[in-house]
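Undergrad: Coordinates in input-v8.pdb, PDB, C-alpha atoms, are listed below.
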```
MODEL        1
ATOM      1  CA  MET A  10       0.000   0.000   0.000  1.00  0.00           C
ATOM      2  CA  THR A  11       1.286   3.454  -0.888  1.00  0.00           C
ATOM      3  CA  PRO A  12       1.415   5.700   2.201  1.00  0.00           C
ATOM      4  CA  VAL A  13      -0.297   9.073   2.171  1.00  0.00           C
ATOM      5  CA  THR A  14       1.857  12.151   1.904  1.00  0.00           C
ATOM      6  CA  SER A  15      -0.146  14.083   4.498  1.00  0.00           C
ATOM      7  CA  PRO A  16      -0.268  12.993   8.150  1.00  0.00           C
ATOM      8  CA  PRO A  17      -3.654  11.874   9.576  1.00  0.00           C
ATOM      9  CA  ALA A  18      -3.708  14.983  11.777  1.00  0.00           C
ATOM     10  CA  ALA A  19      -4.115  17.074   8.617  1.00  0.00           C
ATOM     11  CA  LEU A  20      -7.553  15.617   7.920  1.00  0.00           C
ATOM     12  CA  ARG A  21     -10.507  17.903   8.598  1.00  0.00           C
ATOM     13  CA  PHE A  22     -13.309  15.709   9.919  1.00  0.00           C
ATOM     14  CA  ASP A  23     -16.757  17.295  10.044  1.00  0.00           C
ATOM     15  CA  ALA A  24     -17.124  19.117  13.364  1.00  0.00           C
ATOM     16  CA  ALA A  25     -20.681  17.866  13.905  1.00  0.00           C
ATOM     17  CA  THR A  26     -20.402  14.228  12.806  1.00  0.00           C
ATOM     18  CA  GLY A  27     -16.689  13.476  13.032  1.00  0.00           C
ATOM     19  CA  LEU A  28     -16.869  12.011   9.527  1.00  0.00           C
ATOM     20  CA  LEU A  29     -15.536  12.753   6.064  1.00  0.00           C
ATOM     21  CA  PRO A  30     -16.372  11.208   2.672  1.00  0.00           C
ATOM     22  CA  ALA A  31     -14.162   8.502   1.186  1.00  0.00           C
ATOM     23  CA  ILE A  32     -14.388   7.810  -2.541  1.00  0.00           C
ATOM     24  CA  ILE A  33     -13.378   4.278  -3.541  1.00  0.00           C
ATOM     25  CA  GLN A  34     -11.820   3.811  -6.980  1.00  0.00           C
ATOM     26  CA  ASP A  35     -10.821   0.546  -8.617  1.00  0.00           C
ATOM     27  CA  ALA A  36      -7.021   0.746  -8.769  1.00  0.00           C
ATOM     28  CA  ASP A  37      -6.900  -1.313 -11.982  1.00  0.00           C
ATOM     29  CA  THR A  38      -9.798   0.016 -14.036  1.00  0.00           C
ATOM     30  CA  GLY A  39     -10.160   3.531 -12.652  1.00  0.00           C
ATOM     31  CA  GLN A  40     -13.898   2.981 -12.151  1.00  0.00           C
ATOM     32  CA  VAL A  41     -15.494   4.733  -9.176  1.00  0.00           C
ATOM     33  CA  LEU A  42     -16.927   1.957  -7.009  1.00  0.00           C
ATOM     34  CA  MET A  43     -18.661   3.629  -4.078  1.00  0.00           C
ATOM     35  CA  LEU A  44     -18.796   6.473  -1.586  1.00  0.00           C
ATOM     36  CA  GLY A  45     -18.547   5.850   2.151  1.00  0.00           C
ATOM     37  CA  TYR A  46     -17.679   7.763   5.301  1.00  0.00           C
ATOM     38  CA  MET A  47     -14.755   7.437   7.692  1.00  0.00           C
ATOM     39  CA  ASN A  48     -14.088   8.760  11.153  1.00  0.00           C
ATOM     40  CA  ALA A  49     -10.573   9.007  12.583  1.00  0.00           C
ATOM     41  CA  GLU A  50     -10.630   5.404  13.827  1.00  0.00           C
ATOM     42  CA  ALA A  51     -11.831   4.027  10.483  1.00  0.00           C
ATOM     43  CA  TRP A  52      -9.097   6.001   8.721  1.00  0.00           C
ATOM     44  CA  GLU A  53      -6.419   4.570  11.020  1.00  0.00           C
ATOM     45  CA  ARG A  54      -7.835   1.024  10.729  1.00  0.00           C
ATOM     46  CA  THR A  55      -7.873   1.270   6.933  1.00  0.00           C
ATOM     47  CA  GLN A  56      -4.176   2.150   6.953  1.00  0.00           C
ATOM     48  CA  ALA A  57      -3.244  -0.470   9.528  1.00  0.00           C
ATOM     49  CA  ASP A  58      -5.172  -3.433   8.074  1.00  0.00           C
ATOM     50  CA  GLY A  59      -4.985  -2.640   4.360  1.00  0.00           C
ATOM     51  CA  LYS A  60      -8.723  -3.219   3.952  1.00  0.00           C
ATOM     52  CA  VAL A  61     -11.171  -0.356   3.520  1.00  0.00           C
ATOM     53  CA  THR A  62     -12.988   0.341   6.779  1.00  0.00           C
ATOM     54  CA  PHE A  63     -15.843   2.800   7.083  1.00  0.00           C
ATOM     55  CA  PHE A  64     -17.922   4.188   9.893  1.00  0.00           C
ATOM     56  CA  SER A  65     -21.441   2.947   9.221  1.00  0.00           C
ATOM     57  CA  ARG A  66     -24.013   5.604   9.996  1.00  0.00           C
ATOM     58  CA  SER A  67     -26.841   3.052   9.997  1.00  0.00           C
ATOM     59  CA  LYS A  68     -25.008   0.532  12.221  1.00  0.00           C
ATOM     60  CA  ASN A  69     -23.328   3.279  14.266  1.00  0.00           C
ATOM     61  CA  ARG A  70     -20.031   1.373  14.323  1.00  0.00           C
ATOM     62  CA  LEU A  71     -16.895   0.641  12.315  1.00  0.00           C
ATOM     63  CA  TRP A  72     -17.658  -1.462   9.257  1.00  0.00           C
ATOM     64  CA  VAL A  73     -15.104  -3.347   7.192  1.00  0.00           C
ATOM     65  CA  LYS A  74     -16.394  -3.429   3.620  1.00  0.00           C
ATOM     66  CA  GLY A  75     -16.902  -7.110   2.794  1.00  0.00           C
ATOM     67  CA  GLU A  76     -17.071  -8.350   6.379  1.00  0.00           C
ATOM     68  CA  SER A  77     -20.272 -10.277   5.614  1.00  0.00           C
ATOM     69  CA  SER A  78     -20.025 -10.805   1.835  1.00  0.00           C
ATOM     70  CA  GLY A  79     -16.295 -11.461   1.565  1.00  0.00           C
ATOM     71  CA  ASN A  80     -16.044  -8.751  -1.101  1.00  0.00           C
ATOM     72  CA  PHE A  81     -13.252  -6.857   0.613  1.00  0.00           C
ATOM     73  CA  LEU A  82     -11.583  -3.774  -0.822  1.00  0.00           C
ATOM     74  CA  THR A  83      -7.804  -4.145  -0.551  1.00  0.00           C
ATOM     75  CA  VAL A  84      -6.086  -0.776  -0.357  1.00  0.00           C
ATOM     76  CA  VAL A  85      -3.482   0.126  -2.973  1.00  0.00           C
ATOM     77  CA  SER A  86      -3.024   3.814  -2.131  1.00  0.00           C
ATOM     78  CA  LEU A  87      -4.623   6.602  -0.117  1.00  0.00           C
ATOM     79  CA  HIS A  88      -4.913  10.238  -1.184  1.00  0.00           C
ATOM     80  CA  ILE A  89      -6.101  13.305   0.725  1.00  0.00           C
ATOM     81  CA  ASP A  90      -7.718  16.099  -1.284  1.00  0.00           C
ATOM     82  CA  CYS A  91      -6.464  19.697  -1.333  1.00  0.00           C
ATOM     83  CA  ASP A  92      -8.834  20.829   1.453  1.00  0.00           C
ATOM     84  CA  ALA A  93      -8.105  17.723   3.586  1.00  0.00           C
ATOM     85  CA  ASP A  94     -11.829  17.055   3.953  1.00  0.00           C
ATOM     86  CA  ALA A  95     -12.179  14.086   1.581  1.00  0.00           C
ATOM     87  CA  ILE A  96     -10.220  10.927   0.823  1.00  0.00           C
ATOM     88  CA  LEU A  97      -9.644   8.992  -2.386  1.00  0.00           C
ATOM     89  CA  VAL A  98      -8.929   5.306  -1.839  1.00  0.00           C
ATOM     90  CA  ARG A  99      -7.541   3.294  -4.738  1.00  0.00           C
ATOM     91  CA  ALA A 100      -8.357  -0.337  -4.033  1.00  0.00           C
ATOM     92  CA  VAL A 101      -8.690  -3.771  -5.592  1.00  0.00           C
ATOM     93  CA  PRO A 102     -12.177  -5.274  -5.088  1.00  0.00           C
ATOM     94  CA  ALA A 103     -12.536  -8.964  -4.275  1.00  0.00           C
ATOM     95  CA  GLY A 104     -15.960  -9.065  -5.925  1.00  0.00           C
ATOM     96  CA  PRO A 105     -18.983  -6.842  -6.622  1.00  0.00           C
ATOM     97  CA  THR A 106     -18.781  -3.714  -4.494  1.00  0.00           C
ATOM     98  CA  CYS A 107     -22.493  -2.913  -4.359  1.00  0.00           C
ATOM     99  CA  HIS A 108     -24.822  -4.961  -2.128  1.00  0.00           C
ATOM    100  CA  ARG A 109     -27.051  -5.403  -5.226  1.00  0.00           C
ATOM    101  CA  GLY A 110     -24.338  -7.470  -6.906  1.00  0.00           C
ATOM    102  CA  THR A 111     -23.117  -4.805  -9.322  1.00  0.00           C
ATOM    103  CA  ILE A 112     -19.456  -3.874  -9.707  1.00  0.00           C
ATOM    104  CA  SER A 113     -20.116  -0.240  -8.783  1.00  0.00           C
ATOM    105  CA  CYS A 114     -22.730   1.397  -6.584  1.00  0.00           C
ATOM    106  CA  PHE A 115     -23.173   3.918  -9.389  1.00  0.00           C
ATOM    107  CA  GLU A 116     -24.638   1.322 -11.766  1.00  0.00           C
ATOM    108  CA  GLN A 117     -28.412   1.284 -12.060  1.00  0.00           C
ATOM    109  CA  LEU A 118     -30.173  -2.061 -12.185  1.00  0.00           C
ATOM    110  CA  GLY A 119     -31.821  -2.609 -15.541  1.00  0.00           C
ATOM    111  CA  GLN A 120     -29.576  -0.058 -17.228  1.00  0.00           C
ATOM    112  CA  SER A 121     -26.255  -0.331 -18.977  1.00  0.00           C
ATOM    113  CA  ALA A 122     -23.249  -0.647 -16.689  1.00  0.00           C
ATOM    114  CA  VAL A 123     -21.032   2.386 -16.247  1.00  0.00           C
ATOM    115  CA  PRO A 124     -18.498   1.959 -19.058  1.00  0.00           C
ATOM    116  CA  ALA A 125     -14.885   1.451 -18.064  1.00  0.00           C
ATOM    117  CA  ALA A 126     -12.105   3.470 -19.630  1.00  0.00           C
ATOM    118  CA  PRO A 127     -10.285   1.600 -22.432  1.00  0.00           C
ATOM    119  CA  VAL A 128      -7.405   0.449 -20.222  1.00  0.00           C
ATOM    120  CA  GLY A 129      -9.912  -0.239 -17.456  1.00  0.00           C
ATOM    121  CA  PHE A 130     -11.806  -2.600 -19.745  1.00  0.00           C
ATOM    122  CA  LEU A 131      -8.582  -4.507 -20.447  1.00  0.00           C
ATOM    123  CA  ALA A 132      -8.108  -4.857 -16.691  1.00  0.00           C
ATOM    124  CA  ASP A 133     -11.643  -6.244 -16.385  1.00  0.00           C
ATOM    125  CA  LEU A 134     -10.957  -8.677 -19.227  1.00  0.00           C
ATOM    126  CA  GLU A 135      -7.709  -9.715 -17.576  1.00  0.00           C
ATOM    127  CA  ARG A 136      -9.594 -10.490 -14.358  1.00  0.00           C
ATOM    128  CA  LEU A 137     -12.048 -12.675 -16.274  1.00  0.00           C
ATOM    129  CA  ILE A 138      -9.175 -14.541 -17.949  1.00  0.00           C
ATOM    130  CA  VAL A 139      -7.493 -15.036 -14.556  1.00  0.00           C
ATOM    131  CA  GLU A 140     -10.758 -16.471 -13.228  1.00  0.00           C
ATOM    132  CA  ARG A 141     -10.964 -18.878 -16.178  1.00  0.00           C
ATOM    133  CA  HIS A 142      -7.383 -19.929 -15.437  1.00  0.00           C
ATOM    134  CA  GLN A 143      -7.881 -20.440 -11.706  1.00  0.00           C
ATOM    135  CA  PHE A 144     -11.419 -21.859 -11.763  1.00  0.00           C
ATOM    136  CA  PRO A 145     -11.930 -23.671 -15.097  1.00  0.00           C
ATOM    137  CA  GLU A 146     -14.809 -25.658 -13.612  1.00  0.00           C
ATOM    138  CA  ARG A 147     -16.932 -22.487 -13.558  1.00  0.00           C
ATOM    139  CA  ALA A 148     -16.963 -22.310 -17.364  1.00  0.00           C
ATOM    140  CA  PRO A 149     -15.803 -25.712 -18.684  1.00  0.00           C
ATOM    141  CA  THR A 150     -16.887 -24.976 -22.273  1.00  0.00           C
ATOM    142  CA  SER A 151     -15.155 -21.585 -22.418  1.00  0.00           C
ATOM    143  CA  TYR A 152     -12.733 -20.985 -25.271  1.00  0.00           C
ATOM    144  CA  THR A 153     -10.346 -19.399 -22.782  1.00  0.00           C
ATOM    145  CA  VAL A 154     -10.420 -22.507 -20.597  1.00  0.00           C
ATOM    146  CA  SER A 155      -9.719 -24.684 -23.652  1.00  0.00           C
ATOM    147  CA  LEU A 156      -6.638 -22.591 -24.438  1.00  0.00           C
ATOM    148  CA  PHE A 157      -5.258 -23.014 -20.931  1.00  0.00           C
ATOM    149  CA  LYS A 158      -5.847 -26.770 -21.119  1.00  0.00           C
ATOM    150  CA  LYS A 159      -3.823 -26.964 -24.363  1.00  0.00           C
ATOM    151  CA  GLY A 160      -0.924 -25.179 -22.716  1.00  0.00           C
ATOM    152  CA  MET A 161       1.604 -22.514 -23.622  1.00  0.00           C
ATOM    153  CA  PRO A 162       2.609 -23.907 -27.059  1.00  0.00           C
ATOM    154  CA  LYS A 163      -0.985 -23.519 -28.322  1.00  0.00           C
ATOM    155  CA  ILE A 164      -1.420 -20.115 -26.657  1.00  0.00           C
ATOM    156  CA  ALA A 165       1.826 -18.820 -28.178  1.00  0.00           C
ATOM    157  CA  GLN A 166       0.820 -20.240 -31.571  1.00  0.00           C
ATOM    158  CA  LYS A 167      -2.473 -18.324 -31.441  1.00  0.00           C
ATOM    159  CA  VAL A 168      -0.638 -15.093 -30.587  1.00  0.00           C
ATOM    160  CA  GLY A 169       1.593 -15.643 -33.614  1.00  0.00           C
ATOM    161  CA  GLU A 170      -1.357 -16.379 -35.896  1.00  0.00           C
ATOM    162  CA  GLU A 171      -3.281 -13.299 -34.757  1.00  0.00           C
ATOM    163  CA  ALA A 172      -0.169 -11.131 -35.118  1.00  0.00           C
ATOM    164  CA  VAL A 173       0.302 -12.306 -38.704  1.00  0.00           C
ATOM    165  CA  GLU A 174      -3.359 -11.640 -39.529  1.00  0.00           C
ATOM    166  CA  THR A 175      -3.054  -8.177 -37.988  1.00  0.00           C
ATOM    167  CA  VAL A 176       0.025  -7.415 -40.093  1.00  0.00           C
ATOM    168  CA  ILE A 177      -1.685  -8.652 -43.264  1.00  0.00           C
ATOM    169  CA  ASP A 178      -4.692  -6.390 -42.688  1.00  0.00           C
ATOM    170  CA  ALA A 179      -2.497  -3.403 -41.823  1.00  0.00           C
ATOM    171  CA  VAL A 180      -0.235  -3.786 -44.864  1.00  0.00           C
ATOM    172  CA  GLY A 181      -3.191  -4.479 -47.120  1.00  0.00           C
ATOM    173  CA  GLY A 182      -5.076  -1.408 -45.891  1.00  0.00           C
ATOM    174  CA  SER A 183      -8.028  -3.491 -44.656  1.00  0.00           C
ATOM    175  CA  ARG A 184      -9.380  -0.751 -42.407  1.00  0.00           C
ATOM    176  CA  ALA A 185     -12.750  -2.452 -41.877  1.00  0.00           C
ATOM    177  CA  THR A 186     -11.337  -5.687 -40.438  1.00  0.00           C
ATOM    178  CA  LEU A 187      -8.208  -4.386 -38.699  1.00  0.00           C
ATOM    179  CA  PRO A 188      -9.937  -3.543 -35.365  1.00  0.00           C
ATOM    180  CA  SER A 189     -11.256  -7.105 -35.133  1.00  0.00           C
ATOM    181  CA  GLU A 190      -7.837  -8.603 -35.817  1.00  0.00           C
ATOM    182  CA  VAL A 191      -6.176  -6.332 -33.241  1.00  0.00           C
ATOM    183  CA  ALA A 192      -8.869  -7.285 -30.708  1.00  0.00           C
ATOM    184  CA  ASP A 193      -8.077 -10.984 -31.301  1.00  0.00           C
ATOM    185  CA  LEU A 194      -4.373 -10.260 -30.859  1.00  0.00           C
ATOM    186  CA  LEU A 195      -4.866  -8.300 -27.629  1.00  0.00           C
ATOM    187  CA  TYR A 196      -7.095 -11.005 -26.183  1.00  0.00           C
ATOM    188  CA  HIS A 197      -4.622 -13.783 -26.919  1.00  0.00           C
ATOM    189  CA  LEU A 198      -1.769 -11.644 -25.569  1.00  0.00           C
ATOM    190  CA  LEU A 199      -3.700 -11.319 -22.296  1.00  0.00           C
ATOM    191  CA  VAL A 200      -4.157 -15.078 -22.182  1.00  0.00           C
ATOM    192  CA  LEU A 201      -0.416 -15.518 -22.750  1.00  0.00           C
ATOM    193  CA  LEU A 202       0.387 -13.058 -19.956  1.00  0.00           C
ATOM    194  CA  VAL A 203      -1.924 -14.809 -17.496  1.00  0.00           C
ATOM    195  CA  ALA A 204      -0.470 -18.196 -18.431  1.00  0.00           C
ATOM    196  CA  SER A 205       3.009 -16.746 -17.867  1.00  0.00           C
ATOM    197  CA  GLY A 206       2.089 -15.214 -14.515  1.00  0.00           C
ATOM    198  CA  VAL A 207       2.767 -11.676 -15.726  1.00  0.00           C
ATOM    199  CA  PRO A 208       0.151  -9.053 -14.710  1.00  0.00           C
ATOM    200  CA  LEU A 209      -0.905  -6.535 -17.347  1.00  0.00           C
ATOM    201  CA  GLN A 210       0.102  -3.805 -14.910  1.00  0.00           C
ATOM    202  CA  GLU A 211       3.753  -4.831 -15.276  1.00  0.00           C
ATOM    203  CA  VAL A 212       3.533  -4.265 -19.021  1.00  0.00           C
ATOM    204  CA  ILE A 213       1.861  -0.895 -18.502  1.00  0.00           C
ATOM    205  CA  ALA A 214       4.566   0.045 -15.995  1.00  0.00           C
ATOM    206  CA  VAL A 215       7.240  -0.642 -18.633  1.00  0.00           C
ATOM    207  CA  LEU A 216       5.376   1.550 -21.139  1.00  0.00           C
ATOM    208  CA  GLN A 217       5.013   4.308 -18.567  1.00  0.00           C
ATOM    209  CA  GLU A 218       8.728   4.178 -17.838  1.00  0.00           C
ATOM    210  CA  ARG A 219       9.613   4.310 -21.519  1.00  0.00           C
ATOM    211  CA  HIS A 220       7.107   6.968 -22.526  1.00  0.00           C
ATOM    212  CA  ARG A 221       6.706   9.591 -19.839  1.00  0.00           C
ATOM    213  CA  LEU A 222       3.864  11.996 -20.623  1.00  0.00           C
ATOM    214  CA  PRO A 223       4.292  15.650 -19.614  1.00  0.00           C
ATOM    215  CA  ASN A 224       1.365  17.976 -18.954  1.00  0.00           C
ATOM    216  CA  THR A 225       1.113  18.685 -22.672  1.00  0.00           C
ATOM    217  CA  ARG A 226       0.085  15.021 -23.121  1.00  0.00           C
ATOM    218  CA  HIS A 227       2.567  14.536 -25.985  1.00  0.00           C
ATOM    219  CA  LEU A 228       4.954  11.609 -26.067  1.00  0.00           C
ATOM    220  CA  THR A 229       8.521  12.579 -25.304  1.00  0.00           C
ATOM    221  CA  GLU A 230       9.974   9.319 -26.558  1.00  0.00           C
ATOM    222  CA  GLY A 231       9.253   6.543 -29.005  1.00  0.00           C
TER     223      GLY A 231
ENDMDL
END
```
Any chance you could give the structure as structure tokens?

TA:
Amino acid sequence: MTPVTSPPAALRFDAATGLLPAIIQDADTGQVLMLGYMNAEAWERTQADGKVTFFSRSKNRLWVKGESSGNFLTVVSLHIDCDADAILVRAVPAGPTCHRGTISCFEQLGQSAVPAAPVGFLADLERLIVERHQFPERAPTSYTVSLFKKGMPKIAQKVGEEAVETVIDAVGGSRATLPSEVADLLYHLLVLLVASGVPLQEVIAVLQERHRLPNTRHLTEG
């Protein structure tokens, strides 16, 4: 967990309630998951235990998110806003965050899910592939499961095949079919990474190190 740069004493809890809002963001996808409230004890417990702890206004006690469902929020980093009266918590969810079974509390039942950012969607897809790898019995007829059963030689072969098809479309100017071929390549690359035990975040970290983006948002390298 990344420590906060401001000491806990800097936080400005509401004088009447002793609380302040805590926004929970998925550290991988960037999706906003929920809003809760912390008092000083919940803030300290969150830092000490590495699991998001709130002060429940309805229960009138400390409440570890996931204590009954098992859908804990594991803290990655904590950030205090400029006025020190709100907290941003970047966390990794162990399952649906909302009690209704949705990923985010900001999704409305019966409506389309809040769309993830492009990289966030890849993180969601990676999680699904990891689940297929770890629990193949949950989807025994899945194409992803069949790839893992065939092993790395088959997975690597598929990456090669999709790369060749992508190159053919790009060189041939096949604009209409190129997105589909690239999608196939990205998917199979994710499968290869999961099979190799390499998180997507490690690849992104390498890209970030190689291509640092200044405030102008233009690449300085590559």

Undergrad: Which residues fall under the PyMOL selection byres ((chain A and resi 164-169) around 9) in this file, as a PyMOL selection string?

TA: chain A and resi 156-157+159-163+170-174+193-198+200-201+204

Undergrad: Which residues, named as in the file, does the PyMOL selection byres ((chain A and resi 90) around 12) pick out? Answer as a list of chain:residue names.

TA: A:Val13, A:Thr14, A:Ser15, A:Ala19, A:Leu20, A:Arg21, A:Leu29, A:Pro30, A:Ala31, A:Ile32, A:Leu87, A:His88, A:Ile89, A:Cys91, A:Asp92, A:Ala93, A:Asp94, A:Ala95, A:Ile96, A:Leu97, A:Val98

Undergrad: I would like the residues chosen by the PyMOL selection byres ((chain A and resi 107) around 12) on the shown file; could you give them as a count of residues only?

TA: 28

Undergrad: Have a look at A:Met47, A:Phe63, A:Thr26, A:Glu135 and name the one nearest to Pro208 in chain A; count all atoms listed in the file.

TA: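 Nearest candidate to Pro208 in chain A out of A:Met47, A:Phe63, A:Thr26, A:Glu135: A:Glu135.
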
Undergrad: In Å, with one decimal, what is the gap from CA of Lys68 in chain A to CA of Ala100 in chain A?

TA: 23.3 Å

Undergrad: If you measure from CA of Ile138 in chain A to CA of Val212 in chain A, what distance in Å do you get, rounded to one decimal?

TA: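 That distance, rounded to one decimal, is 16.4 Å.
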
Undergrad: Padding 6 Å on each side, edges along x, y and z: where is the centre of the box around the listed atoms of range 72-83 of chain A, and how long are its edges in Å to one decimal? Output it as AutoDock Vina command-line options.

TA:
```
--center_x -14.0 --center_y -6.5 --center_z 4.1 --size_x 24.5 --size_y 22.0 --size_z 22.4
```

Undergrad: Quick one: of A:Ala24, A:Leu71, A:Ala185, A:Leu209, who's nearest to Thr38 in chain A, counting only C-alpha atoms?

TA: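 Ranking A:Ala24, A:Leu71, A:Ala185, A:Leu209 by distance to Thr38 in chain A, first place goes to A:Leu209.
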
Undergrad: Contacts of Leu137 in chain A at 12 Å or less, counting only C-alpha atoms, minus same-chain residues fewer than 4 places along, as a list in words?

TA: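 My reading of the contact set: Gly104, Phe130, Leu131, Ala132, Asp133, Arg141, His142, Gln143, Phe144, Pro145, Arg147, Ala148, Ser151, Thr153, Val154, Tyr196, Leu199, Val200 and Val203 of chain A.
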
Undergrad: Residues near Val101 in chain A, anyone? I mean within 8 Å using all atoms listed in the file, not counting same-chain ones fewer than 3 positions away, as a ChimeraX atom specification.

TA: /A:35-37,82-85

Undergrad: Find, counting only C-alpha atoms, the residue in A:Thr55, A:Ser183, A:Ser86, A:Gln34 that gets nearest to Val73 in chain A.

TA: A:Thr55

Undergrad: Which distance in Å separates CA of Phe22 in chain A and CA of Ala57 in chain A, to one decimal?

TA: 19.1 Å
